[in-house]
Amino acid sequence: MQLDALDSPAAARAALTRAAVAVWGEARAAALQAQIEATAQALWELAQVPLDLEGPEPDFIYPPETHR
Amino acid sequence: MSALAELGVVEAAAAVQTRTASSVDLVQALLARIAATEPHVQAWETLDADGALAQARRCDDAALRGHGGPLNGVPIGIKDIYHVAGLPTRAGCPALYDRIPSEDAEPVHRLRLAGAVILGKTVTTAFATVDPPRTRNPWAPERTPGGSSSGSAAAVAARQVPAALGTQTAGSVLRPAAYCGVIGVKPTFGRISRRGIIPLAWSLDHVGFIVRSVADAAALLAVLAGHDPADPGSRDRPVENYLAAVANPAPPRLAVVEDLLERAEPAVRAHAEQTVMRLLRAGAAVQFVRLPAPFERLVAVHQIILQVETAAVHARLHAERAADYPPRLRATVEVGKLIPGEAYLRAQRLRARLRAELRALFERADCLAMPTASNVAPDPSTTGDVRFQAIWSLLGLPALSLPSGLSDERLPFGLQLVAAPWAECTLLAAARWCEQQLGPLPAPL
C-alpha cells in the first residue's frame, strides 16, 4: 500500500482488503471488514497530510518536552 | 451499607492513624459490601480476603506504634493487568495469559510502601482493549461500566473499595470513571512507572487510578508519582506537592473545547453547557476554543499508532494462539499488521506536530474542559466511545474526569479537564475547585 497514492477512503479500504485477503485469506478478511473500514478512514486522514523533508521528527515513545 | 465503606482514601487513612477505626474493620466492611453487591456488579477477578486481612493486621500494628505510611491501612483494588506478587495475573483473558508473578508491579510496590492494603484484582477487558467485560454498571446493570478499567471503576462507584488502579491507552481510566460516576485520573505520560504491567501500546500506555474525591486523587498521585529508571517511558521530573495544590484552590481559567461539544450527544452537550455556566457563575474564567487540527485527524493518528503497536506487542502470542483471541482484539492485531510502516511513522510525525500546536491553548487557560465522553454509558455490547479521551492519551497530557451530574435516566455525566504536560498540580487544583461547586453524586446502590 502506498499512502500517498490513496485518493479516497474507498481506495484505502480496497488496498487494506487486498492486503487482508493476501495475508489472512478471504474468509478471515470478510470477518475483518468492520476493522478494515475504521482503519481505512484513519489511513485516509493521514494520507491527506503529506509531510516534507523538514516536517516534524517522529515522536516514537518519549514526548519531546520530556527528553530533548 | 456500613459507614466504613463510604470512607475515601484520605478519610480511611486518617481513621486508621487516629485509631477511630482499624484497617481490619475497614477490610471487613468492604468484604461485606462486596458480598452484598458483587452479584450485581461483578467487578472482581480475584479477591484476596485472607491476604488483605493479614496486611490490615500489620497496618494496625504499625498504627499502634505510631508508624505507617501515608496510606497505612487503606484497601485498594488493582486492575488485573498489573502484577501483584502471589496473585494470578490473567489480563482479562485466562485462555491466553494466566501466571502467578513473584514480584509486584512498580505502582503496586509504591502503594505497599505507603501502607496500602491490596484487596484483590479488578476485572479488565481482555488485555485492556475493547472486547466487553462481564462487569456491569452499578448505576444500571443493562449499561456498560466502560472499559478497559471496568472493574476498578465499578468497584469504586459501588463502595466496594475507596480506590483502584487502572491503565489508559485510549480512554480506559477516564471513560469508565465517567460512566460509573467517579473520578478518573491519568497523569502525564512518564509520571508513573509502568513496570510490571502487561503492555498494550508502548507509546500510549499510562498508569491511572479511580477514586471518589479530588483530595483522594492527590493523595494517591503523591504516592505513585516518581521516576523509575527501569521503565523506559518514565521521566525524571520533580514530584510536586499535590496535597497542597488541592488545599485551597482558586477559580480556574477553563478553555471549553468546542470541537468536542459539537460531537457530543444532545443531552451530553446540554448538560456540559449548563455545567460550564454553573462554573462561570461561581467564578471560573471561561473561554471557548477550537482544537488546532481537525478532531478526526487526532483520532486517526491515535488509532494508527495504537493498532500498529498492539499488533507488535501481540505478534508472537497471536501467531501461536490466534483462535483463542477475543474477536475485537484479534481484529485489531490482524488489521494492525497490514498497516504500512510509513503510515505509522507519519502518525508519529503528526503527533509531534499536534502536541506542539496544542501548547498555545495553555498560555491562556489552566485547563481544557469538555465532556469526558460523547455519551452516557451505552448498552454492554461495547465499552463506549473512546474518542474524547483517546486524543489526550495520544498527546500524553494529564487528564481527569469529574462527575458532574445525572441524566434523566439517572446515568452519570463526566466533565473532563486536561492540563499542560507535567501540570498535575494545576489539574488537581482546578478539579478540586470544580468539585466544590458541583458537589458529589450519591452512591448508585
# chains A, B, ... in the order shown; residues from 1 in each chain; ligands from 1
>>> interface_residues(of="chain B", to="chain A", cutoff="9 Å", atoms="only C-alpha atoms", output="PyMOL selection string")
chain B and resi 189-190+202-204+232-237+296-297+299-304+307+328+331-332+334-336+338-340+342-343+345-353+355+395-396+421
>>> residues_around(residues="Ala399 (chain B)", least_positions_apart="3", cutoff="7 Å", atoms="only C-alpha atoms", output="JSON, numbers by chain")
{"B": [185, 186, 187, 416, 417, 418, 419]}
>>> atom_distance(atom1="CA of Ala215 (chain B)", atom2="CA of Phe413 (chain B)")
20.2 Å
>>> atom_distance(atom1="CA of Ala63 (chain B)", atom2="CA of Ser193 (chain B)")
28.3 Å
>>> atom_distance(atom1="CA of Ala54 (chain B)", atom2="CA of Gly166 (chain B)")
24.2 Å
>>> select_by_dssp(residues="region 60-195 of chain B", states="strand (DSSP E)", output="PyMOL selection string")
chain B and resi 75-79+117-122+164-168+183-186
>>> write_last_selection(atoms="N, CA and C atoms", output="PDB file, in the first residue's frame")
ATOM      1  N   PRO B  75      -7.479   0.040  52.011  1.00  0.00           N
ATOM      2  CA  PRO B  75      -7.644  -1.010  50.997  1.00  0.00           C
ATOM      3  C   PRO B  75      -7.734  -0.416  49.588  1.00  0.00           C
ATOM      4  N   ILE B  76      -7.071  -1.080  48.653  1.00  0.00           N
ATOM      5  CA  ILE B  76      -7.043  -0.621  47.266  1.00  0.00           C
ATOM      6  C   ILE B  76      -7.172  -1.820  46.337  1.00  0.00           C
ATOM      7  N   GLY B  77      -7.882  -1.623  45.219  1.00  0.00           N
ATOM      8  CA  GLY B  77      -8.021  -2.653  44.193  1.00  0.00           C
ATOM      9  C   GLY B  77      -7.033  -2.418  43.061  1.00  0.00           C
ATOM     10  N   ILE B  78      -6.610  -3.499  42.414  1.00  0.00           N
ATOM     11  CA  ILE B  78      -5.604  -3.416  41.360  1.00  0.00           C
ATOM     12  C   ILE B  78      -6.164  -4.055  40.086  1.00  0.00           C
ATOM     13  N   LYS B  79      -6.182  -3.307  39.005  1.00  0.00           N
ATOM     14  CA  LYS B  79      -6.638  -3.852  37.721  1.00  0.00           C
ATOM     15  C   LYS B  79      -5.813  -5.087  37.357  1.00  0.00           C
ATOM     16  N   VAL B 117      -3.348  -1.573  51.619  1.00  0.00           N
ATOM     17  CA  VAL B 117      -3.725  -2.984  51.687  1.00  0.00           C
ATOM     18  C   VAL B 117      -4.273  -3.386  50.315  1.00  0.00           C
ATOM     19  N   ILE B 118      -3.660  -4.381  49.693  1.00  0.00           N
ATOM     20  CA  ILE B 118      -4.114  -4.816  48.366  1.00  0.00           C
ATOM     21  C   ILE B 118      -5.279  -5.793  48.571  1.00  0.00           C
ATOM     22  N   LEU B 119      -6.467  -5.336  48.197  1.00  0.00           N
ATOM     23  CA  LEU B 119      -7.679  -6.119  48.453  1.00  0.00           C
ATOM     24  C   LEU B 119      -7.883  -7.212  47.407  1.00  0.00           C
ATOM     25  N   GLY B 120      -7.373  -6.999  46.187  1.00  0.00           N
ATOM     26  CA  GLY B 120      -7.522  -8.007  45.143  1.00  0.00           C
ATOM     27  C   GLY B 120      -7.366  -7.387  43.780  1.00  0.00           C
ATOM     28  N   LYS B 121      -7.713  -8.184  42.755  1.00  0.00           N
ATOM     29  CA  LYS B 121      -7.554  -7.773  41.367  1.00  0.00           C
ATOM     30  C   LYS B 121      -8.933  -7.496  40.773  1.00  0.00           C
ATOM     31  N   THR B 122      -9.054  -6.368  40.098  1.00  0.00           N
ATOM     32  CA  THR B 122     -10.333  -5.989  39.493  1.00  0.00           C
ATOM     33  C   THR B 122     -10.373  -6.397  38.020  1.00  0.00           C
ATOM     34  N   ALA B 164      -8.871   2.393  43.193  1.00  0.00           N
ATOM     35  CA  ALA B 164      -8.377   1.254  42.420  1.00  0.00           C
ATOM     36  C   ALA B 164      -7.489   1.759  41.302  1.00  0.00           C
ATOM     37  N   LEU B 165      -6.453   0.983  40.991  1.00  0.00           N
ATOM     38  CA  LEU B 165      -5.577   1.337  39.876  1.00  0.00           C
ATOM     39  C   LEU B 165      -6.204   0.905  38.559  1.00  0.00           C
ATOM     40  N   GLY B 166      -5.935   1.694  37.513  1.00  0.00           N
ATOM     41  CA  GLY B 166      -6.334   1.352  36.159  1.00  0.00           C
ATOM     42  C   GLY B 166      -5.189   1.639  35.212  1.00  0.00           C
ATOM     43  N   THR B 167      -5.431   1.433  33.934  1.00  0.00           N
ATOM     44  CA  THR B 167      -4.479   1.871  32.911  1.00  0.00           C
ATOM     45  C   THR B 167      -5.271   2.512  31.786  1.00  0.00           C
ATOM     46  N   GLN B 168      -4.613   3.404  31.045  1.00  0.00           N
ATOM     47  CA  GLN B 168      -5.285   4.076  29.928  1.00  0.00           C
ATOM     48  C   GLN B 168      -4.339   4.153  28.736  1.00  0.00           C
ATOM     49  N   ILE B 183     -14.269   9.500  39.955  1.00  0.00           N
ATOM     50  CA  ILE B 183     -13.186  10.319  39.418  1.00  0.00           C
ATOM     51  C   ILE B 183     -12.109   9.422  38.824  1.00  0.00           C
ATOM     52  N   GLY B 184     -11.694   9.739  37.608  1.00  0.00           N
ATOM     53  CA  GLY B 184     -10.589   9.028  36.962  1.00  0.00           C
ATOM     54  C   GLY B 184      -9.464   9.996  36.675  1.00  0.00           C
ATOM     55  N   VAL B 185      -8.233   9.548  36.914  1.00  0.00           N
ATOM     56  CA  VAL B 185      -7.056  10.404  36.700  1.00  0.00           C
ATOM     57  C   VAL B 185      -6.027   9.659  35.863  1.00  0.00           C
ATOM     58  N   LYS B 186      -5.518  10.340  34.854  1.00  0.00           N
ATOM     59  CA  LYS B 186      -4.403   9.833  34.048  1.00  0.00           C
ATOM     60  C   LYS B 186      -3.367  10.945  33.978  1.00  0.00           C
TER      61      LYS B 186
END
>>> closest_residue(among="B:Pro138, B:Pro398, B:Gly86, B:Gly147", to="Glu424 (chain B)", atoms="only C-alpha atoms")
B:Pro398
>>> select_by_dssp(residues="region 166-254 of chain B", states="alpha helix (DSSP H)", output="PyMOL selection string")
chain B and resi 174-180+214-224+242-245
>>> closest_residue(among="B:Thr372, B:Leu306, B:Ala293, B:Pro238", to="Arg269 (chain B)", atoms="only C-alpha atoms")
B:Thr372
>>> closest_atom_pairs(of="region 245-278 of chain B", to="region 385-391 of chain B", cutoff="12 Å", atoms="only C-alpha atoms", output="CSV")
residue,atom,partner,partner_atom,distance
B:Val257,CA,B:Phe388,CA,10.6
B:Glu258,CA,B:Phe388,CA,12.0
B:Asp259,CA,B:Phe388,CA,10.0
B:Leu260,CA,B:Phe388,CA,7.0
B:Leu261,CA,B:Phe388,CA,9.9
B:Glu262,CA,B:Phe388,CA,11.6
B:Arg263,CA,B:Phe388,CA,9.2
B:Ala264,CA,B:Phe388,CA,9.1
B:Glu265,CA,B:Asp385,CA,11.2
>>> write_last_selection(atoms="N, CA and C atoms", output="PDB file, in the first residue's frame")
ATOM      1  N   VAL B 257     -13.554  23.160  24.921  1.00  0.00           N
ATOM      2  CA  VAL B 257     -13.186  22.741  23.558  1.00  0.00           C
ATOM      3  C   VAL B 257     -14.463  22.519  22.742  1.00  0.00           C
ATOM      4  N   GLU B 258     -14.730  23.451  21.845  1.00  0.00           N
ATOM      5  CA  GLU B 258     -15.987  23.408  21.088  1.00  0.00           C
ATOM      6  C   GLU B 258     -16.077  22.191  20.178  1.00  0.00           C
ATOM      7  N   ASP B 259     -14.928  21.760  19.630  1.00  0.00           N
ATOM      8  CA  ASP B 259     -14.952  20.612  18.704  1.00  0.00           C
ATOM      9  C   ASP B 259     -15.598  19.395  19.359  1.00  0.00           C
ATOM     10  N   LEU B 260     -15.354  19.222  20.656  1.00  0.00           N
ATOM     11  CA  LEU B 260     -15.910  18.049  21.345  1.00  0.00           C
ATOM     12  C   LEU B 260     -17.360  18.284  21.745  1.00  0.00           C
ATOM     13  N   LEU B 261     -17.666  19.506  22.178  1.00  0.00           N
ATOM     14  CA  LEU B 261     -19.079  19.815  22.479  1.00  0.00           C
ATOM     15  C   LEU B 261     -19.958  19.502  21.276  1.00  0.00           C
ATOM     16  N   GLU B 262     -19.480  19.889  20.102  1.00  0.00           N
ATOM     17  CA  GLU B 262     -20.274  19.712  18.883  1.00  0.00           C
ATOM     18  C   GLU B 262     -20.490  18.248  18.544  1.00  0.00           C
ATOM     19  N   ARG B 263     -19.586  17.400  18.992  1.00  0.00           N
ATOM     20  CA  ARG B 263     -19.682  15.978  18.658  1.00  0.00           C
ATOM     21  C   ARG B 263     -20.350  15.154  19.764  1.00  0.00           C
ATOM     22  N   ALA B 264     -20.733  15.798  20.848  1.00  0.00           N
ATOM     23  CA  ALA B 264     -21.410  15.083  21.937  1.00  0.00           C
ATOM     24  C   ALA B 264     -22.885  14.884  21.590  1.00  0.00           C
ATOM     25  N   GLU B 265     -23.463  13.849  22.168  1.00  0.00           N
ATOM     26  CA  GLU B 265     -24.906  13.649  22.007  1.00  0.00           C
ATOM     27  C   GLU B 265     -25.642  14.836  22.639  1.00  0.00           C
TER      28      GLU B 265
END
